[in-house]
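A.B. asks: Just run-v1.cif, nothing more (mmCIF, C-alpha atoms (C1' of nucleotides)):
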data_model
#
loop_
_atom_site.label_atom_id
_atom_site.label_comp_id
_atom_site.auth_asym_id
_atom_site.auth_seq_id
_atom_site.Cartn_x
_atom_site.Cartn_y
_atom_site.Cartn_z
CA MET H 16 -89.31 -61.53 60.24
CA ALA H 17 -88.81 -64.34 57.73
CA ASP H 18 -90.43 -64.49 54.30
CA THR H 19 -94.14 -63.96 54.74
CA THR H 20 -94.90 -64.49 51.07
CA GLU H 21 -93.37 -67.91 51.17
CA ALA H 22 -95.30 -68.87 54.27
CA ALA H 23 -98.50 -67.59 52.68
CA GLU H 24 -97.93 -69.61 49.53
CA HIS H 25 -97.26 -72.66 51.63
CA LEU H 26 -100.53 -72.21 53.47
CA ALA H 27 -102.27 -71.77 50.13
CA LEU H 28 -100.81 -75.04 48.98
CA VAL H 29 -102.11 -76.89 52.02
CA LEU H 30 -105.52 -75.32 51.59
CA ALA H 31 -105.55 -76.33 47.94
CA GLN H 32 -104.78 -79.90 48.88
CA GLY H 33 -107.73 -79.66 51.20
CA GLY H 34 -109.97 -79.11 48.21
CA LEU H 35 -110.03 -75.36 47.63
CA GLN H 36 -109.19 -74.27 44.14
CA LYS H 37 -105.83 -72.63 43.75
CA ALA H 38 -106.95 -69.03 43.36
CA THR H 39 -109.36 -69.33 46.27
CA ALA H 40 -106.69 -70.85 48.46
CA ARG H 41 -104.28 -68.04 47.66
CA VAL H 42 -106.92 -65.44 48.42
CA LEU H 43 -107.67 -66.99 51.79
CA ALA H 44 -103.98 -67.18 52.61
CA ALA H 45 -103.60 -63.53 51.63
CA PHE H 46 -106.37 -62.66 54.07
CA MET H 47 -104.56 -64.51 56.80
CA PHE H 48 -101.27 -62.77 56.18
CA ALA H 49 -102.54 -59.27 55.49
CA ASP H 50 -101.05 -56.53 57.61
CA GLU H 51 -104.33 -54.63 57.56
CA ASP H 52 -107.47 -55.57 59.38
CA SER H 53 -109.41 -55.90 56.17
CA VAL H 54 -108.64 -56.09 52.46
CA THR H 55 -110.36 -55.07 49.23
CA ALA H 56 -110.85 -57.10 46.07
CA PRO H 57 -108.66 -55.00 43.71
CA ASP H 58 -105.99 -55.12 46.37
CA LEU H 59 -105.99 -58.91 46.37
CA ALA H 60 -105.96 -59.04 42.58
CA GLU H 61 -102.87 -56.87 42.51
CA ARG H 62 -100.99 -58.63 45.30
CA LEU H 63 -101.60 -62.07 43.88
CA GLY H 64 -101.39 -61.17 40.22
CA ILE H 65 -104.75 -62.71 39.33
CA SER H 66 -107.78 -61.33 37.52
CA SER H 67 -110.59 -59.46 39.19
CA GLY H 68 -112.93 -62.22 38.08
CA SER H 69 -110.99 -64.82 39.99
CA VAL H 70 -110.97 -62.69 43.10
CA SER H 71 -114.69 -62.14 42.83
CA GLY H 72 -115.29 -65.86 42.54
CA ALA H 73 -113.01 -66.62 45.45
CA ILE H 74 -114.64 -64.03 47.69
CA LYS H 75 -118.06 -65.32 46.80
CA MET H 76 -117.08 -68.88 47.62
CA LEU H 77 -115.33 -68.01 50.87
CA SER H 78 -118.27 -65.90 51.98
CA THR H 79 -120.74 -68.65 51.23
CA VAL H 80 -118.83 -71.14 53.32
CA GLY H 81 -118.53 -68.61 56.11
CA LEU H 82 -114.76 -68.24 56.14
CA ILE H 83 -114.69 -64.51 55.45
CA GLU H 84 -117.11 -61.64 56.00
CA ARG H 85 -117.63 -58.08 54.91
CA ALA H 86 -116.00 -55.58 57.19
CA ALA H 87 -117.21 -52.11 57.92
CA ALA H 88 -115.47 -49.84 55.41
CA PRO H 89 -114.55 -46.55 57.03
CA GLY H 90 -115.41 -44.09 54.31
CA SER H 91 -114.06 -46.27 51.56
CA ARG H 92 -116.10 -46.96 48.51
CA ARG H 93 -114.86 -50.48 47.99
CA GLU H 94 -115.98 -53.52 49.88
CA HIS H 95 -113.66 -54.65 52.63
CA TYR H 96 -113.41 -58.24 53.72
CA ARG H 97 -111.64 -60.12 56.46
CA VAL H 98 -111.30 -63.60 57.88
CA ARG H 99 -114.16 -64.44 60.15
CA GLU H 100 -113.69 -65.15 63.80
CA GLY H 101 -113.94 -68.90 64.28
CA ALA H 102 -113.46 -69.54 60.60
CA TRP H 103 -111.52 -72.75 61.16
CA ALA H 104 -114.15 -74.23 63.37
CA THR H 105 -116.57 -73.48 60.57
CA LEU H 106 -114.36 -75.24 58.07
CA MET H 107 -114.16 -78.29 60.29
CA SER H 108 -117.91 -78.33 60.68
CA ALA H 109 -118.24 -78.32 56.93
CA GLN H 110 -116.10 -81.46 56.85
CA ASN H 111 -118.66 -82.89 59.17
CA GLY H 112 -121.09 -82.74 56.29
CA MET H 113 -118.90 -85.23 54.49
CA VAL H 114 -119.02 -87.53 57.49
CA GLN H 115 -122.76 -87.37 57.42
CA ALA H 116 -122.84 -88.10 53.70
CA MET H 117 -120.73 -91.19 54.25
CA PHE H 118 -123.05 -92.33 56.99
CA GLN H 119 -126.08 -91.89 54.79
CA ALA H 120 -124.47 -93.61 51.83
CA ALA H 121 -123.69 -96.60 54.02
CA ASP H 122 -127.19 -96.66 55.40
CA ARG H 123 -128.69 -96.52 51.95
CA GLY H 124 -126.42 -99.35 50.88
CA ILE H 125 -127.52 -101.56 53.71
CA GLN H 126 -131.11 -101.27 52.65
CA ALA H 127 -130.21 -102.05 49.07
CA ALA H 128 -128.06 -105.06 49.86
CA GLY H 129 -129.77 -108.11 51.23
CA PRO H 130 -129.53 -108.67 54.96
CA ASP H 131 -126.89 -111.14 56.07
CA SER H 132 -124.83 -110.56 52.96
CA PRO H 133 -121.10 -109.80 53.03
CA ALA H 134 -121.91 -106.38 51.60
CA ALA H 135 -124.31 -105.63 54.40
CA ARG H 136 -121.74 -106.58 57.01
CA ARG H 137 -119.13 -104.29 55.49
CA LEU H 138 -121.58 -101.46 55.15
CA GLU H 139 -122.69 -101.85 58.73
CA GLU H 140 -119.17 -101.37 59.99
CA MET H 141 -118.92 -98.28 57.84
CA ARG H 142 -122.20 -96.91 59.04
CA ASP H 143 -121.30 -97.52 62.65
CA PHE H 144 -118.02 -95.73 62.29
CA TYR H 145 -119.37 -92.64 60.62
CA GLY H 146 -122.35 -92.63 62.92
CA TYR H 147 -119.99 -92.51 65.84
CA MET H 148 -117.95 -89.72 64.29
CA PHE H 149 -121.01 -87.74 63.39
CA ALA H 150 -122.21 -88.01 66.96
CA HIS H 151 -118.96 -86.91 68.54
CA LEU H 152 -117.18 -84.55 66.17
CA PRO H 153 -119.37 -81.49 66.68
CA ALA H 154 -118.92 -81.85 70.43
CA LEU H 155 -115.19 -81.69 69.96
CA VAL H 156 -115.44 -78.38 68.13
CA GLU H 157 -117.80 -77.02 70.74
CA ARG H 158 -115.42 -77.97 73.50
CA TRP H 159 -112.69 -75.99 71.81
CA GLN H 160 -114.93 -72.98 71.47
CA ALA H 161 -115.82 -73.24 75.12
CA GLU H 162 -112.22 -73.37 76.21
CA ARG H 163 -111.39 -70.49 73.91
CA THR H 164 -113.98 -68.09 75.25
CA LYS H 165 -112.96 -69.11 78.75
CA SER H 166 -109.39 -67.95 78.27
CA ARG H 167 -110.38 -64.90 76.21
CA PRO H 168 -113.42 -63.30 77.78
CA MET J 5 -133.55 -105.85 47.88
CA ALA J 6 -133.46 -102.44 46.25
CA ASP J 7 -131.02 -101.44 43.52
CA THR J 8 -127.53 -102.19 44.73
CA THR J 9 -125.90 -100.69 41.68
CA GLU J 10 -127.53 -97.38 42.31
CA ALA J 11 -126.49 -97.39 45.95
CA ALA J 12 -122.95 -98.29 44.93
CA GLU J 13 -122.78 -95.46 42.44
CA HIS J 14 -124.08 -93.10 45.06
CA LEU J 15 -121.37 -94.14 47.48
CA ALA J 16 -118.81 -93.69 44.72
CA LEU J 17 -120.07 -90.17 44.20
CA VAL J 18 -119.67 -89.30 47.85
CA LEU J 19 -116.20 -90.80 47.89
CA ALA J 20 -115.28 -88.81 44.80
CA GLN J 21 -116.40 -85.62 46.46
CA GLY J 22 -114.14 -86.59 49.30
CA GLY J 23 -111.20 -86.37 46.96
CA LEU J 24 -110.85 -89.81 45.39
CA GLN J 25 -110.74 -89.87 41.64
CA LYS J 26 -113.81 -91.21 39.95
CA ALA J 27 -112.47 -94.59 38.90
CA THR J 28 -110.90 -95.20 42.29
CA ALA J 29 -114.09 -94.26 44.05
CA ARG J 30 -116.10 -96.65 41.92
CA VAL J 31 -113.65 -99.44 42.58
CA LEU J 32 -113.85 -98.93 46.32
CA ALA J 33 -117.63 -98.84 46.19
CA ALA J 34 -117.60 -102.07 44.17
CA PHE J 35 -115.52 -103.68 46.88
CA MET J 36 -118.02 -102.61 49.47
CA PHE J 37 -120.98 -103.97 47.56
CA ALA J 38 -119.44 -107.19 46.28
CA ASP J 39 -121.31 -110.37 47.08
CA GLU J 40 -118.07 -112.28 47.34
CA ASP J 41 -115.54 -112.02 50.10
CA SER J 42 -112.85 -110.86 47.73
CA VAL J 43 -112.66 -109.62 44.15
CA THR J 44 -110.12 -109.74 41.31
CA ALA J 45 -108.94 -106.94 39.09
CA PRO J 46 -110.36 -108.19 35.77
CA ASP J 47 -113.63 -108.76 37.57
CA LEU J 48 -113.76 -105.12 38.62
CA ALA J 49 -112.83 -103.93 35.16
CA GLU J 50 -115.72 -105.86 33.69
CA ARG J 51 -118.31 -104.91 36.28
CA LEU J 52 -117.50 -101.23 36.08
CA GLY J 53 -116.71 -101.07 32.39
CA ILE J 54 -113.30 -99.47 32.86
CA SER J 55 -109.86 -100.40 31.59
CA SER J 56 -107.48 -102.76 33.34
CA GLY J 57 -105.05 -99.88 33.70
CA SER J 58 -107.52 -97.85 35.65
CA VAL J 59 -108.27 -100.77 37.93
CA SER J 60 -104.58 -101.35 38.49
CA GLY J 61 -104.05 -97.73 39.42
CA ALA J 62 -107.05 -97.71 41.70
CA ILE J 63 -105.95 -100.87 43.49
CA LYS J 64 -102.47 -99.52 43.91
CA MET J 65 -103.76 -96.30 45.40
CA LEU J 66 -106.26 -97.96 47.71
CA SER J 67 -103.63 -100.40 48.91
CA THR J 68 -101.15 -97.63 49.62
CA VAL J 69 -103.64 -95.75 51.75
CA GLY J 70 -104.53 -98.95 53.55
CA LEU J 71 -108.16 -99.19 52.51
CA ILE J 72 -107.91 -102.59 50.81
CA GLU J 73 -105.60 -105.57 51.14
CA ARG J 74 -104.69 -108.71 49.26
CA ALA J 75 -106.75 -111.68 50.26
CA ALA J 76 -105.65 -115.28 50.26
CA ALA J 77 -106.60 -116.68 46.87
CA PRO J 78 -107.74 -120.29 47.15
CA GLY J 79 -106.09 -121.90 44.16
CA SER J 80 -106.81 -119.00 41.89
CA ARG J 81 -104.12 -117.52 39.80
CA ARG J 82 -105.35 -113.97 40.00
CA GLU J 83 -104.84 -111.63 42.89
CA HIS J 84 -107.80 -111.22 45.16
CA TYR J 85 -108.47 -108.05 47.13
CA ARG J 86 -110.93 -106.97 49.75
CA VAL J 87 -111.77 -104.01 51.93
CA ARG J 88 -109.61 -103.96 55.00
CA GLU J 89 -111.04 -104.27 58.45
CA GLY J 90 -111.06 -100.82 60.02
CA ALA J 91 -110.61 -99.14 56.66
CA TRP J 92 -112.76 -96.16 57.57
CA ALA J 93 -110.84 -95.46 60.71
CA THR J 94 -107.74 -95.47 58.54
CA LEU J 95 -109.30 -93.00 56.16
CA MET J 96 -110.20 -90.70 59.02
CA SER J 97 -106.68 -90.90 60.35
CA ALA J 98 -105.41 -89.84 56.96
CA GLN J 99 -107.57 -86.76 57.27
CA ASN J 100 -105.75 -86.15 60.46
CA GLY J 101 -102.65 -85.57 58.37
CA MET J 102 -104.41 -82.61 56.83
CA VAL J 103 -105.15 -81.24 60.27
CA GLN J 104 -101.50 -81.53 61.13
CA ALA J 105 -100.49 -79.79 57.91
CA MET J 106 -102.78 -76.89 58.74
CA PHE J 107 -101.30 -76.66 62.19
CA GLN J 108 -97.79 -76.59 60.82
CA ALA J 109 -98.63 -74.04 58.14
CA ALA J 110 -100.05 -71.75 60.80
CA ASP J 111 -97.03 -72.21 63.00
CA ARG J 112 -94.70 -71.44 60.16
CA GLY J 113 -96.70 -68.35 59.35
CA ILE J 114 -96.45 -67.06 62.89
CA GLN J 115 -92.71 -67.20 62.74
CA ALA J 116 -92.68 -65.41 59.41
CA ALA J 117 -95.07 -62.66 60.43
CA GLY J 118 -93.87 -60.18 62.99
CA PRO J 119 -95.09 -60.67 66.54
CA ASP J 120 -98.01 -58.49 67.58
CA SER J 121 -99.18 -58.11 64.00
CA PRO J 122 -102.77 -58.71 62.90
CA ALA J 123 -101.50 -61.63 60.83
CA ALA J 124 -99.87 -63.21 63.85
CA ARG J 125 -103.07 -62.94 65.85
CA ARG J 126 -105.12 -64.61 63.12
CA LEU J 127 -102.57 -67.33 62.66
CA GLU J 128 -102.45 -68.00 66.38
CA GLU J 129 -106.15 -68.66 66.49
CA MET J 130 -105.72 -71.01 63.58
CA ARG J 131 -102.80 -72.81 65.17
CA ASP J 132 -104.63 -73.19 68.44
CA PHE J 133 -107.64 -74.67 66.76
CA TYR J 134 -105.80 -77.24 64.70
CA GLY J 135 -103.51 -78.00 67.59
CA TYR J 136 -106.54 -78.84 69.65
CA MET J 137 -108.00 -81.01 66.91
CA PHE J 138 -104.76 -82.77 66.32
CA ALA J 139 -104.52 -83.55 70.00
CA HIS J 140 -108.04 -84.94 70.32
CA LEU J 141 -109.05 -86.46 67.00
CA PRO J 142 -106.95 -89.62 67.20
CA ALA J 143 -108.35 -90.31 70.64
CA LEU J 144 -111.84 -90.20 69.19
CA VAL J 145 -111.00 -92.86 66.64
CA GLU J 146 -109.36 -94.99 69.28
CA ARG J 147 -112.40 -94.76 71.47
CA TRP J 148 -114.53 -96.08 68.64
CA GLN J 149 -112.18 -98.96 68.06
CA ALA J 150 -112.24 -99.76 71.75
CA GLU J 151 -116.02 -99.84 71.85
CA ARG J 152 -116.12 -101.91 68.72
CA THR J 153 -113.86 -104.68 69.94
CA LYS J 154 -115.78 -104.65 73.20
CA SER J 155 -119.08 -105.49 71.52
CA ARG J 156 -117.50 -107.88 69.00
CA PRO J 157 -114.94 -110.01 70.81
"C1'" DC F 4 -87.49 -124.15 30.36
"C1'" DA F 5 -91.08 -122.54 27.58
"C1'" DA F 6 -95.77 -120.94 27.40
"C1'" DA F 7 -99.78 -118.85 28.98
"C1'" DG F 8 -101.79 -115.56 31.39
"C1'" DT F 9 -101.84 -111.68 34.83
"C1'" DC F 10 -100.45 -107.29 36.35
"C1'" DT F 11 -98.16 -102.81 35.76
"C1'" DT F 12 -96.55 -98.94 33.29
"C1'" DC F 13 -96.83 -94.96 30.35
"C1'" DA F 14 -97.60 -91.96 26.40
"C1'" DG F 15 -101.24 -89.80 24.38
"C1'" DA F 16 -106.36 -88.85 23.83
"C1'" DG F 17 -110.07 -87.02 26.18
"C1'" DA F 18 -112.66 -84.80 29.65
"C1'" DT F 19 -112.95 -81.64 33.26
"C1'" DT F 20 -111.79 -77.88 35.86
"C1'" DT F 21 -110.01 -73.30 36.37
"C1'" DC F 22 -108.70 -68.77 34.97
"C1'" DT F 23 -109.03 -64.78 32.26
"C1'" DG F 24 -110.81 -60.54 30.31
"C1'" DA F 25 -114.30 -57.92 28.62
"C1'" DA F 26 -119.11 -56.55 28.93
"C1'" DG F 27 -122.79 -55.13 31.70
"C1'" DG F 28 -125.27 -54.14 36.06
"C1'" DC F 29 -125.22 -51.76 40.28
"C1'" DT F 30 -123.97 -48.41 43.79
"C1'" DT F 31 -122.32 -44.06 45.31
"C1'" DG F 32 -121.75 -39.24 45.23
"C1'" DA F 33 -122.37 -34.82 43.06
"C1'" DT L 3 -130.39 -37.55 37.18
"C1'" DC L 4 -125.82 -38.33 35.54
"C1'" DA L 5 -121.13 -39.71 35.81
"C1'" DA L 6 -117.62 -42.59 37.71
"C1'" DG L 7 -116.04 -46.59 39.33
"C1'" DC L 8 -116.59 -51.18 41.57
"C1'" DC L 9 -118.24 -55.74 41.34
"C1'" DT L 10 -120.14 -59.74 39.03
"C1'" DT L 11 -120.97 -62.67 35.21
"C1'" DC L 12 -119.86 -65.63 31.47
"C1'" DA L 13 -117.96 -67.45 27.18
"C1'" DG L 14 -113.89 -69.12 25.66
"C1'" DA L 15 -108.77 -70.12 26.38
"C1'" DA L 16 -105.61 -72.54 29.06
"C1'" DA L 17 -104.09 -75.73 32.15
"C1'" DT L 18 -104.75 -79.79 34.69
"C1'" DC L 19 -106.19 -84.12 35.72
"C1'" DT L 20 -107.92 -88.77 34.34
"C1'" DC L 21 -108.60 -92.67 31.52
"C1'" DT L 22 -107.41 -95.72 27.98
"C1'" DG L 23 -105.01 -99.25 25.48
"C1'" DA L 24 -101.11 -101.43 24.12
"C1'" DA L 25 -96.51 -102.97 25.27
"C1'" DG L 26 -93.67 -105.19 28.35
"C1'" DA L 27 -92.32 -107.30 32.89
"C1'" DC L 28 -93.35 -110.75 35.97
"C1'" DT L 29 -95.27 -115.14 37.76
"C1'" DT L 30 -96.96 -119.54 37.68
"C1'" DT L 31 -97.82 -123.96 35.49
"C1'" DG L 32 -97.10 -127.83 32.45
#
The structure given in the file should be rewritten as C-alpha cells.
C.D. replies:
Amino acid sequence: MADTTEAAEHLALVLAQGGLQKATARVLAAFMFADEDSVTAPDLAERLGISSGSVSGAIKMLSTVGLIERAAAPGSRREHYRVREGAWATLMSAQNGMVQAMFQAADRGIQAAGPDSPAARRLEEMRDFYGYMFAHLPALVERWQAERTKSRP
Amino acid sequence: MADTTEAAEHLALVLAQGGLQKATARVLAAFMFADEDSVTAPDLAERLGISSGSVSGAIKMLSTVGLIERAAAPGSRREHYRVREGAWATLMSAQNGMVQAMFQAADRGIQAAGPDSPAARRLEEMRDFYGYMFAHLPALVERWQAERTKSRP
DNA sequence: CAAAGTCTTCAGAGATTTCTGAAGGCTTGA
DNA sequence: TCAAGCCTTCAGAAATCTCTGAAGACTTTG
C-alpha cells in the first residue's frame, strides 16, 4: 500500500478548505483512515500530535454535526468513536442549510428593496435560483441513499 | 420600502459564512442592492466605509470567480462593474469543485489503504457518494438554466 | 507629451481564529 | 465511599487571516 498518512493529510486539507478547522479536519481524516473500527480520544491526540483539548473540541463538533458517533466500547473504559454511516450525505445536507439561508436573504432583500427596482430584479433571480436548488437538492441525496440500500441490502 | 442597508448587511453575513471574506461579501451585497445598473470602486469604498485597497481586492476576487463583470461605462472615466447574469449558478458550480476534490481525495485514499481494510470500506462509501453528486449536480444547474431561459426568452 | 486621476500592490497594523495546557468535574471500579 | 483516570472547559499564547494606507503603475485627456 502507498503512504496512508499522506493521503490522510491530503483529505484533511480538502476538508479544511471546506470550512472545517485544521485540527477537526485532521481528526475526521484520521477516523477515515483508521485500521480499527473505532478510535479513542487519547489515541487520536497521540497519532496526530495535538493536545487532548483540541481532540475534545473536534469530537464535540463532529458529533454535533452528525459525522461521527460513539461506538460500543467492548470492556474499555475510554469512549470509542467512529465515522457514522451516511456521514457524507449528512454533510451535504448541512450545506443545504446554506442554500436555504441564501434563499431567505434574497427574499428578505426583495421586500426591502422597492418593487421594479434593479435591485429587486437581481434579487429575484437569486431567490429563484436558490429556491430551485433548495427544492431539488435533498431529493438528489435521497436518490443516492435509495440506490445505495438497493445494492447493499 | 424597509431598510435596504440592513438587508444588504444580512446578505453579506450569509455570504461571509459561505466562505467569502467580510469585505468581499459586503461588496457583493452592495452590488446586489445598488439602485444603479453598475457601480464604481470609489463609490463602493464610500458607501461601505472601507479602503480603496479592500475594494480593489474584492473586485479582483469576484471577477476571477465570475460573479461580477465590467460594465460599459458611458463616458465615465472610472471602471463600472455589475453582478453577472447567472452569477449564482456560477457560484454553485464552484462548489462543485469541492465535491470533485472530495471524490478525488477518497479515491486517492483507497489506493493508499490496503484493499479489504476498514479504511478502504469507509473511503469507498465516501467516493461513491461524491461520485454520484459530481455526476448529477451539474445537471441540476443546467436544468434550472433551461427552465429560466424558457420563461424569459 | 505632460498632467490629472484611477486602479493596483504590498508591507505592516490590527483583528480574529485556533490551539494549547492545566485545572476541575465526572465516571468507573474496587 | 474512595481512588484512579478520562474527558471537558477555558484563559491565554500563538498563528493566521484581513484590512488599511500610501506609493507607484497605468490610462486617459487636454
A.B. asks: I'd like the contact shell of DG23 in chain L - 9 Å cut-off, all atoms listed in the file, skipping same-chain residues fewer than 5 positions apart - returned as a list of chain:residue names.
C.D. replies: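 Within the cut-off, the hits are J:Ser55, J:Ser56, J:Gly57.
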A.B. asks: When you get a sec, could you note down which chain L residues fall within 8 Å of chain H, using only C-alpha atoms (C1' of nucleotides), as an MDAnalysis selection string?
C.D. replies: chainID L and resid 8:10
A.B. asks: Select, as a compact mmCIF listing (two decimals) with C-alpha atoms (C1' of nucleotides), in the coordinates of the input, those residues of chain F with any atom no more than 9 Å from chain J (distances computed using all atoms listed in the file).
C.D. replies:
# COMPACT_ATOMS: atom_id res chain seq x y z
C1' DG F 8 -101.79 -115.56 31.39
C1' DT F 9 -101.84 -111.68 34.83
C1' DC F 10 -100.45 -107.29 36.35
C1' DT F 11 -98.16 -102.81 35.76
C1' DT F 12 -96.55 -98.94 33.29
A.B. asks: With only C-alpha atoms as the basis for distance, which of J:Leu52, J:Ile114, J:Ala98, J:Met65 is at the shortest distance from chain H?
C.D. replies: J:Ile114
A.B. asks: Go ahead and align chain J to chain H (same sequence, so just pair every C-alpha in order, least squares) and export the moved chain as a compact mmCIF listing (two decimals) with C-alpha atoms, keeping the file's coordinate frame.
C.D. replies:
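Okay, this is what ended up in result-v1.txt:
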# COMPACT_ATOMS: atom_id res chain seq x y z
CA MET J 5 -89.31 -61.53 60.25
CA ALA J 6 -88.85 -64.34 57.76
CA ASP J 7 -90.46 -64.45 54.33
CA THR J 8 -94.17 -63.94 54.76
CA THR J 9 -94.90 -64.46 51.10
CA GLU J 10 -93.37 -67.87 51.17
CA ALA J 11 -95.31 -68.84 54.28
CA ALA J 12 -98.50 -67.56 52.67
CA GLU J 13 -97.92 -69.57 49.53
CA HIS J 14 -97.25 -72.62 51.63
CA LEU J 15 -100.53 -72.20 53.46
CA ALA J 16 -102.27 -71.76 50.12
CA LEU J 17 -100.79 -75.04 48.98
CA VAL J 18 -102.08 -76.88 52.01
CA LEU J 19 -105.50 -75.32 51.57
CA ALA J 20 -105.52 -76.33 47.92
CA GLN J 21 -104.74 -79.90 48.85
CA GLY J 22 -107.69 -79.68 51.17
CA GLY J 23 -109.92 -79.12 48.18
CA LEU J 24 -109.98 -75.37 47.61
CA GLN J 25 -109.13 -74.26 44.13
CA LYS J 26 -105.78 -72.61 43.73
CA ALA J 27 -106.93 -69.03 43.36
CA THR J 28 -109.34 -69.33 46.26
CA ALA J 29 -106.68 -70.85 48.45
CA ARG J 30 -104.28 -68.03 47.66
CA VAL J 31 -106.92 -65.45 48.42
CA LEU J 32 -107.67 -66.99 51.79
CA ALA J 33 -103.98 -67.19 52.62
CA ALA J 34 -103.61 -63.52 51.65
CA PHE J 35 -106.38 -62.66 54.07
CA MET J 36 -104.59 -64.50 56.81
CA PHE J 37 -101.29 -62.77 56.19
CA ALA J 38 -102.57 -59.27 55.51
CA ASP J 39 -101.09 -56.51 57.62
CA GLU J 40 -104.36 -54.63 57.56
CA ASP J 41 -107.50 -55.56 59.39
CA SER J 42 -109.44 -55.91 56.18
CA VAL J 43 -108.66 -56.09 52.47
CA THR J 44 -110.38 -55.08 49.22
CA ALA J 45 -110.84 -57.10 46.08
CA PRO J 46 -108.66 -55.03 43.73
CA ASP J 47 -105.99 -55.11 46.39
CA LEU J 48 -106.00 -58.90 46.38
CA ALA J 49 -105.96 -59.04 42.61
CA GLU J 50 -102.87 -56.88 42.53
CA ARG J 51 -101.00 -58.61 45.33
CA LEU J 52 -101.59 -62.06 43.91
CA GLY J 53 -101.40 -61.15 40.25
CA ILE J 54 -104.75 -62.69 39.35
CA SER J 55 -107.78 -61.31 37.55
CA SER J 56 -110.62 -59.45 39.22
CA GLY J 57 -112.95 -62.22 38.12
CA SER J 58 -110.99 -64.81 39.99
CA VAL J 59 -110.96 -62.67 43.11
CA SER J 60 -114.69 -62.13 42.84
CA GLY J 61 -115.31 -65.85 42.55
CA ALA J 62 -113.00 -66.62 45.43
CA ILE J 63 -114.64 -64.04 47.68
CA LYS J 64 -118.06 -65.33 46.80
CA MET J 65 -117.07 -68.88 47.60
CA LEU J 66 -115.32 -68.03 50.85
CA SER J 67 -118.26 -65.92 51.96
CA THR J 68 -120.73 -68.69 51.21
CA VAL J 69 -118.81 -71.18 53.29
CA GLY J 70 -118.53 -68.65 56.08
CA LEU J 71 -114.77 -68.26 56.12
CA ILE J 72 -114.70 -64.52 55.44
CA GLU J 73 -117.12 -61.66 55.98
CA ARG J 74 -117.63 -58.09 54.89
CA ALA J 75 -116.01 -55.60 57.17
CA ALA J 76 -117.21 -52.10 57.90
CA ALA J 77 -115.47 -49.85 55.40
CA PRO J 78 -114.58 -46.51 56.96
CA GLY J 79 -115.46 -44.06 54.22
CA SER J 80 -114.07 -46.24 51.50
CA ARG J 81 -116.08 -46.97 48.46
CA ARG J 82 -114.81 -50.48 47.97
CA GLU J 83 -115.96 -53.51 49.85
CA HIS J 84 -113.67 -54.65 52.60
CA TYR J 85 -113.41 -58.27 53.71
CA ARG J 86 -111.67 -60.13 56.46
CA VAL J 87 -111.31 -63.61 57.87
CA ARG J 88 -114.19 -64.44 60.13
CA GLU J 89 -113.71 -65.16 63.78
CA GLY J 90 -113.96 -68.91 64.27
CA ALA J 91 -113.47 -69.56 60.58
CA TRP J 92 -111.52 -72.76 61.14
CA ALA J 93 -114.15 -74.24 63.35
CA THR J 94 -116.59 -73.50 60.55
CA LEU J 95 -114.38 -75.27 58.06
CA MET J 96 -114.16 -78.31 60.29
CA SER J 97 -117.91 -78.35 60.67
CA ALA J 98 -118.22 -78.37 56.91
CA GLN J 99 -116.10 -81.50 56.89
CA ASN J 100 -118.66 -82.91 59.20
CA GLY J 101 -121.09 -82.76 56.31
CA MET J 102 -118.88 -85.24 54.51
CA VAL J 103 -119.00 -87.54 57.50
CA GLN J 104 -122.76 -87.37 57.43
CA ALA J 105 -122.84 -88.10 53.71
CA MET J 106 -120.73 -91.20 54.25
CA PHE J 107 -123.04 -92.33 57.00
CA GLN J 108 -126.08 -91.88 54.81
CA ALA J 109 -124.48 -93.61 51.83
CA ALA J 110 -123.71 -96.60 54.02
CA ASP J 111 -127.21 -96.66 55.40
CA ARG J 112 -128.70 -96.52 51.96
CA GLY J 113 -126.44 -99.33 50.86
CA ILE J 114 -127.55 -101.55 53.71
CA GLN J 115 -131.12 -101.23 52.65
CA ALA J 116 -130.23 -102.02 49.06
CA ALA J 117 -128.08 -105.03 49.85
CA GLY J 118 -129.81 -108.08 51.21
CA PRO J 119 -129.56 -108.65 54.95
CA ASP J 120 -126.93 -111.14 56.05
CA SER J 121 -124.86 -110.55 52.93
CA PRO J 122 -121.14 -109.80 53.01
CA ALA J 123 -121.94 -106.37 51.59
CA ALA J 124 -124.35 -105.64 54.40
CA ARG J 125 -121.76 -106.58 57.00
CA ARG J 126 -119.14 -104.29 55.47
CA LEU J 127 -121.59 -101.46 55.15
CA GLU J 128 -122.69 -101.85 58.75
CA GLU J 129 -119.17 -101.39 59.99
CA MET J 130 -118.92 -98.30 57.84
CA ARG J 131 -122.22 -96.91 59.06
CA ASP J 132 -121.31 -97.53 62.67
CA PHE J 133 -118.03 -95.75 62.30
CA TYR J 134 -119.37 -92.64 60.64
CA GLY J 135 -122.35 -92.64 62.94
CA TYR J 136 -119.99 -92.52 65.86
CA MET J 137 -117.95 -89.73 64.31
CA PHE J 138 -121.00 -87.75 63.42
CA ALA J 139 -122.20 -88.02 66.98
CA HIS J 140 -118.94 -86.91 68.57
CA LEU J 141 -117.17 -84.56 66.19
CA PRO J 142 -119.36 -81.51 66.72
CA ALA J 143 -118.92 -81.86 70.45
CA LEU J 144 -115.18 -81.69 69.98
CA VAL J 145 -115.43 -78.40 68.15
CA GLU J 146 -117.77 -77.03 70.76
CA ARG J 147 -115.39 -77.98 73.51
CA TRP J 148 -112.66 -76.00 71.81
CA GLN J 149 -114.88 -72.99 71.47
CA ALA J 150 -115.81 -73.25 75.13
CA GLU J 151 -112.19 -73.35 76.22
CA ARG J 152 -111.36 -70.49 73.93
CA THR J 153 -113.96 -68.09 75.25
CA LYS J 154 -112.95 -69.10 78.75
CA SER J 155 -109.36 -67.95 78.28
CA ARG J 156 -110.32 -64.89 76.21
CA PRO J 157 -113.34 -63.26 77.82
A.B. asks: How many Å lie between CA of Asp18 in chain H and CA of His95 in chain H, rounded to one decimal?
C.D. replies: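 Between CA of Asp18 in chain H and CA of His95 in chain H the gap is 25.3 Å.
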A.B. asks: Report as a PyMOL selection string the full result of the PyMOL selection byres ((chain H) within 7 of (chain J)) when it is applied to this structure.
C.D. replies: chain H and resi 16-19+22-23+25-26+29+47-52+103+116-117+120+123-124+126-129+132-134+137-138+141
A.B. asks: Find the residues around DT31 in chain F up to 12 Å (only C-alpha atoms (C1' of nucleotides) counted), leave out those fewer than 2 positions away in its own chain, and share them as a VMD selection string.
C.D. replies: (chain H and resid 90 to 93) or (chain F and resid 29 33) or (chain L and resid 4 to 8)
